[in-house]
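Visitor: Got a structure for you, data-v5.cif, holding mmCIF, C-alpha atoms, pLDDT in the B column; chains and numbers go by the auth columns.
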```cif
data_model
loop_
_atom_site.group_PDB
_atom_site.id
_atom_site.type_symbol
_atom_site.label_atom_id
_atom_site.label_comp_id
_atom_site.label_asym_id
_atom_site.label_seq_id
_atom_site.Cartn_x
_atom_site.Cartn_y
_atom_site.Cartn_z
_atom_site.B_iso_or_equiv
_atom_site.auth_seq_id
_atom_site.auth_asym_id
ATOM 1 C CA MET A 1 7.077 37.103 -12.042 57.00 1 G
ATOM 2 C CA ARG A 2 10.597 38.158 -10.985 56.00 2 G
ATOM 3 C CA ALA A 3 11.031 40.217 -14.155 50.00 3 G
ATOM 4 C CA LEU A 4 7.710 41.972 -13.497 44.00 4 G
ATOM 5 C CA ILE A 5 8.716 42.879 -9.935 51.00 5 G
ATOM 6 C CA LEU A 6 12.132 44.112 -11.090 46.00 6 G
ATOM 7 C CA THR A 7 10.551 46.223 -13.828 48.00 7 G
ATOM 8 C CA ALA A 8 8.072 47.737 -11.361 48.00 8 G
ATOM 9 C CA LEU A 9 10.870 48.525 -8.901 48.00 9 G
ATOM 10 C CA ILE A 10 13.006 50.248 -11.536 50.00 10 G
ATOM 11 C CA ALA A 11 10.050 52.207 -12.895 49.00 11 G
ATOM 12 C CA SER A 12 9.088 53.415 -9.423 47.00 12 G
ATOM 13 C CA THR A 13 12.610 54.648 -8.623 47.00 13 G
ATOM 14 C CA ALA A 14 13.130 56.297 -12.018 47.00 14 G
ATOM 15 C CA ALA A 15 10.955 59.272 -11.076 48.00 15 G
ATOM 16 C CA CYS A 16 12.541 59.789 -7.659 54.00 16 G
ATOM 17 C CA THR A 17 14.980 62.568 -6.931 56.00 17 G
ATOM 18 C CA TRP A 18 17.827 61.082 -4.939 80.00 18 G
ATOM 19 C CA VAL A 19 19.725 64.310 -4.262 89.00 19 G
ATOM 20 C CA PRO A 20 18.225 66.732 -1.718 96.00 20 G
ATOM 21 C CA ILE A 21 19.199 70.417 -1.750 96.00 21 G
ATOM 22 C CA GLU A 22 21.206 71.386 1.341 96.00 22 G
ATOM 23 C CA SER A 23 20.753 74.641 3.243 95.00 23 G
ATOM 24 C CA GLY A 24 23.906 76.202 1.745 96.00 24 G
ATOM 25 C CA GLY A 25 22.898 75.185 -1.768 97.00 25 G
ATOM 26 C CA LYS A 26 19.533 76.938 -1.528 97.00 26 G
ATOM 27 C CA SER A 27 21.159 80.364 -1.822 97.00 27 G
ATOM 28 C CA VAL A 28 23.333 79.431 -4.828 98.00 28 G
ATOM 29 C CA ARG A 29 22.108 80.882 -8.132 97.00 29 G
ATOM 30 C CA VAL A 30 22.256 78.986 -11.406 97.00 30 G
ATOM 31 C CA LEU A 31 23.520 81.295 -14.153 97.00 31 G
ATOM 32 C CA PRO A 32 22.344 80.837 -17.743 95.00 32 G
ATOM 33 C CA ALA A 33 24.765 79.921 -20.521 93.00 33 G
ATOM 34 C CA GLY A 34 26.701 82.813 -22.011 94.00 34 G
ATOM 35 C CA PRO A 35 28.850 85.590 -20.621 94.00 35 G
ATOM 36 C CA VAL A 36 28.914 86.020 -16.873 92.00 36 G
ATOM 37 C CA ALA A 37 27.873 89.404 -15.473 87.00 37 G
ATOM 38 C CA PRO A 38 30.564 91.910 -14.518 91.00 38 G
ATOM 39 C CA GLY A 39 31.231 91.744 -10.816 92.00 39 G
ATOM 40 C CA CYS A 40 31.472 87.960 -10.753 96.00 40 G
ATOM 41 C CA VAL A 41 34.809 86.404 -9.807 97.00 41 G
ATOM 42 C CA ALA A 42 35.723 82.864 -10.894 97.00 42 G
ATOM 43 C CA LYS A 43 36.189 80.485 -7.962 98.00 43 G
ATOM 44 C CA GLY A 44 37.067 77.333 -9.872 97.00 44 G
ATOM 45 C CA GLU A 45 35.295 74.307 -11.266 97.00 45 G
ATOM 46 C CA ILE A 46 32.908 71.828 -9.717 98.00 46 G
ATOM 47 C CA VAL A 47 32.573 68.348 -11.199 98.00 47 G
ATOM 48 C CA VAL A 48 29.629 66.239 -10.063 98.00 48 G
ATOM 49 C CA SER A 49 28.203 62.858 -11.037 97.00 49 G
ATOM 50 C CA VAL A 50 25.143 60.682 -10.388 96.00 50 G
ATOM 51 C CA LYS A 51 23.898 57.334 -11.631 93.00 51 G
ATOM 52 C CA SER A 52 22.478 57.753 -15.126 93.00 52 G
ATOM 53 C CA LYS A 53 21.577 54.051 -15.391 90.00 53 G
ATOM 54 C CA VAL A 54 19.947 51.646 -12.967 87.00 54 G
ATOM 55 C CA GLY A 55 20.754 48.164 -14.179 87.00 55 G
ATOM 56 C CA PHE A 56 19.812 48.115 -17.848 88.00 56 G
ATOM 57 C CA TYR A 57 17.415 51.067 -17.469 91.00 57 G
ATOM 58 C CA ASN A 58 18.516 54.585 -18.525 92.00 58 G
ATOM 59 C CA ARG A 59 17.177 57.186 -16.097 94.00 59 G
ATOM 60 C CA ASN A 60 15.249 60.221 -17.296 94.00 60 G
ATOM 61 C CA PRO A 61 17.880 62.687 -18.636 95.00 61 G
ATOM 62 C CA LEU A 62 16.035 65.702 -17.197 95.00 62 G
ATOM 63 C CA ARG A 63 15.974 64.113 -13.741 95.00 63 G
ATOM 64 C CA VAL A 64 19.711 63.350 -14.012 96.00 64 G
ATOM 65 C CA GLN A 65 20.398 66.948 -15.058 96.00 65 G
ATOM 66 C CA GLU A 66 18.358 68.290 -12.116 97.00 66 G
ATOM 67 C CA GLU A 67 20.326 66.119 -9.694 97.00 67 G
ATOM 68 C CA LEU A 68 23.666 67.210 -11.173 98.00 68 G
ATOM 69 C CA GLU A 69 22.650 70.862 -10.772 98.00 69 G
ATOM 70 C CA THR A 70 21.546 70.237 -7.186 98.00 70 G
ATOM 71 C CA LEU A 71 24.865 68.555 -6.351 98.00 71 G
ATOM 72 C CA ALA A 72 26.784 71.471 -7.888 98.00 72 G
ATOM 73 C CA ARG A 73 24.693 73.974 -5.887 98.00 73 G
ATOM 74 C CA ASN A 74 25.431 71.981 -2.717 98.00 74 G
ATOM 75 C CA GLU A 75 29.192 72.057 -3.452 98.00 75 G
ATOM 76 C CA ALA A 76 29.413 75.751 -4.402 98.00 76 G
ATOM 77 C CA PRO A 77 29.601 77.217 -0.861 98.00 77 G
ATOM 78 C CA SER A 78 32.650 75.077 -0.052 97.00 78 G
ATOM 79 C CA ALA A 79 34.347 76.618 -3.113 96.00 79 G
ATOM 80 C CA GLY A 80 33.504 80.129 -1.887 97.00 80 G
ATOM 81 C CA ALA A 81 30.907 80.575 -4.643 98.00 81 G
ATOM 82 C CA ASN A 82 27.338 81.839 -4.627 98.00 82 G
ATOM 83 C CA ALA A 83 26.586 81.045 -8.285 98.00 83 G
ATOM 84 C CA ILE A 84 27.248 78.219 -10.738 98.00 84 G
ATOM 85 C CA GLN A 85 27.138 77.929 -14.503 98.00 85 G
ATOM 86 C CA ALA A 86 27.192 74.721 -16.535 97.00 86 G
ATOM 87 C CA SER A 87 30.442 74.485 -18.514 96.00 87 G
ATOM 88 C CA ALA A 88 29.181 71.630 -20.689 94.00 88 G
ATOM 89 C CA PRO A 89 26.071 69.475 -21.006 96.00 89 G
ATOM 90 C CA PRO A 90 25.786 66.320 -18.887 96.00 90 G
ATOM 91 C CA ALA A 91 27.555 63.224 -20.232 95.00 91 G
ATOM 92 C CA ASP A 92 27.235 59.722 -18.769 93.00 92 G
ATOM 93 C CA GLY A 93 25.891 61.063 -15.460 95.00 93 G
ATOM 94 C CA SER A 94 28.667 63.630 -14.996 97.00 94 G
ATOM 95 C CA GLN A 95 28.825 67.397 -15.527 98.00 95 G
ATOM 96 C CA ARG A 96 31.240 70.305 -15.049 98.00 96 G
ATOM 97 C CA PHE A 97 30.186 73.653 -13.620 98.00 97 G
ATOM 98 C CA SER A 98 32.051 76.935 -13.206 98.00 98 G
ATOM 99 C CA ALA A 99 31.821 78.357 -9.687 98.00 99 G
ATOM 100 C CA TRP A 100 31.404 82.124 -9.289 98.00 100 G
ATOM 101 C CA GLN A 101 31.254 84.652 -6.470 98.00 101 G
ATOM 102 C CA CYS A 102 28.891 87.407 -7.668 97.00 102 G
ATOM 103 C CA ARG A 103 27.822 90.640 -6.001 91.00 103 G
#
```
Write the structure described by the file as structure tokens, please.

Guide:
Amino acid sequence: MRALILTALIASTAACTWVPIESGGKSVRVLPAGPVAPGCVAKGEIVVSVKSKVGFYNRNPLRVQEELETLARNEAPSAGANAIQASAPPADGSQRFSAWQCR
């Protein structure tokens, strides 16, 4: 019975998004991979991380990636950036983003 309750609890939290977008992050653009448009100035790097596992359960990789992007968007304004671009794919619940100030 305990195992059934634990499994149900993990399954119900696996679909949840735990990272809300903040007001400053709403205006931050996510740039596609590739060259950055002229007129964008590099503002540094943002490294973010979330839980990719809950106990023995691996969370949905797309959900983890969405949360990492949301965290990076939330951090961008404090770096003086209005755009972010993934520098590498997520690995073990962590990801690097380049921060940009674009016109």

Visitor: Check the smallest atom-to-atom distance from each of G:Pro32, G:Pro61, G:Gly55, G:Gly39 to Ser98 of chain G using only C-alpha atoms, then report the winner.

Guide: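 Using only C-alpha atoms, the shortest distance to Ser98 of chain G belongs to G:Pro32.
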
Visitor: Tell me, as a ChimeraX atom specification, which residues lie within 12 Å of Ala33 of chain G, counting all atoms listed in the file; anything in the same chain fewer than 4 positions away does not count.

Guide: /G:37,84-89,97-98

Visitor: Select, counting all atoms listed in the file, all protein, DNA and RNA residues no farther than 12 Å from (18.7, 64.9, -17.5) in file coordinates, and express the selection as a VMD selection string.

Guide: chain G and resid 14 to 15 17 49 to 53 58 to 70 89 to 95

Visitor: Could you please take those selected residues and save C-alpha atoms as a short mmCIF file (atom, residue, chain, number, x, y, z; two decimals), in the frame of the given file?

Guide:
```cif
data_model
loop_
_atom_site.label_atom_id
_atom_site.label_comp_id
_atom_site.auth_asym_id
_atom_site.auth_seq_id
_atom_site.Cartn_x
_atom_site.Cartn_y
_atom_site.Cartn_z
CA ALA G 14 13.13 56.30 -12.02
CA ALA G 15 10.96 59.27 -11.08
CA THR G 17 14.98 62.57 -6.93
CA SER G 49 28.20 62.86 -11.04
CA VAL G 50 25.14 60.68 -10.39
CA LYS G 51 23.90 57.33 -11.63
CA SER G 52 22.48 57.75 -15.13
CA LYS G 53 21.58 54.05 -15.39
CA ASN G 58 18.52 54.58 -18.52
CA ARG G 59 17.18 57.19 -16.10
CA ASN G 60 15.25 60.22 -17.30
CA PRO G 61 17.88 62.69 -18.64
CA LEU G 62 16.04 65.70 -17.20
CA ARG G 63 15.97 64.11 -13.74
CA VAL G 64 19.71 63.35 -14.01
CA GLN G 65 20.40 66.95 -15.06
CA GLU G 66 18.36 68.29 -12.12
CA GLU G 67 20.33 66.12 -9.69
CA LEU G 68 23.67 67.21 -11.17
CA GLU G 69 22.65 70.86 -10.77
CA THR G 70 21.55 70.24 -7.19
CA PRO G 89 26.07 69.47 -21.01
CA PRO G 90 25.79 66.32 -18.89
CA ALA G 91 27.56 63.22 -20.23
CA ASP G 92 27.24 59.72 -18.77
CA GLY G 93 25.89 61.06 -15.46
CA SER G 94 28.67 63.63 -15.00
CA GLN G 95 28.82 67.40 -15.53
#
```

Visitor: Can you tell me how far atom CA of Arg103 of chain G sits from atom CA of Pro20 of chain G, in Å to one decimal?

Guide: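 Computing it gives 26.1 Å between the two atoms.
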
Visitor: How many Å separate atom CA of Ala76 of chain G from atom CA of Gly34 of chain G?

Guide: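 Interatomic distance here is 19.2 Å.
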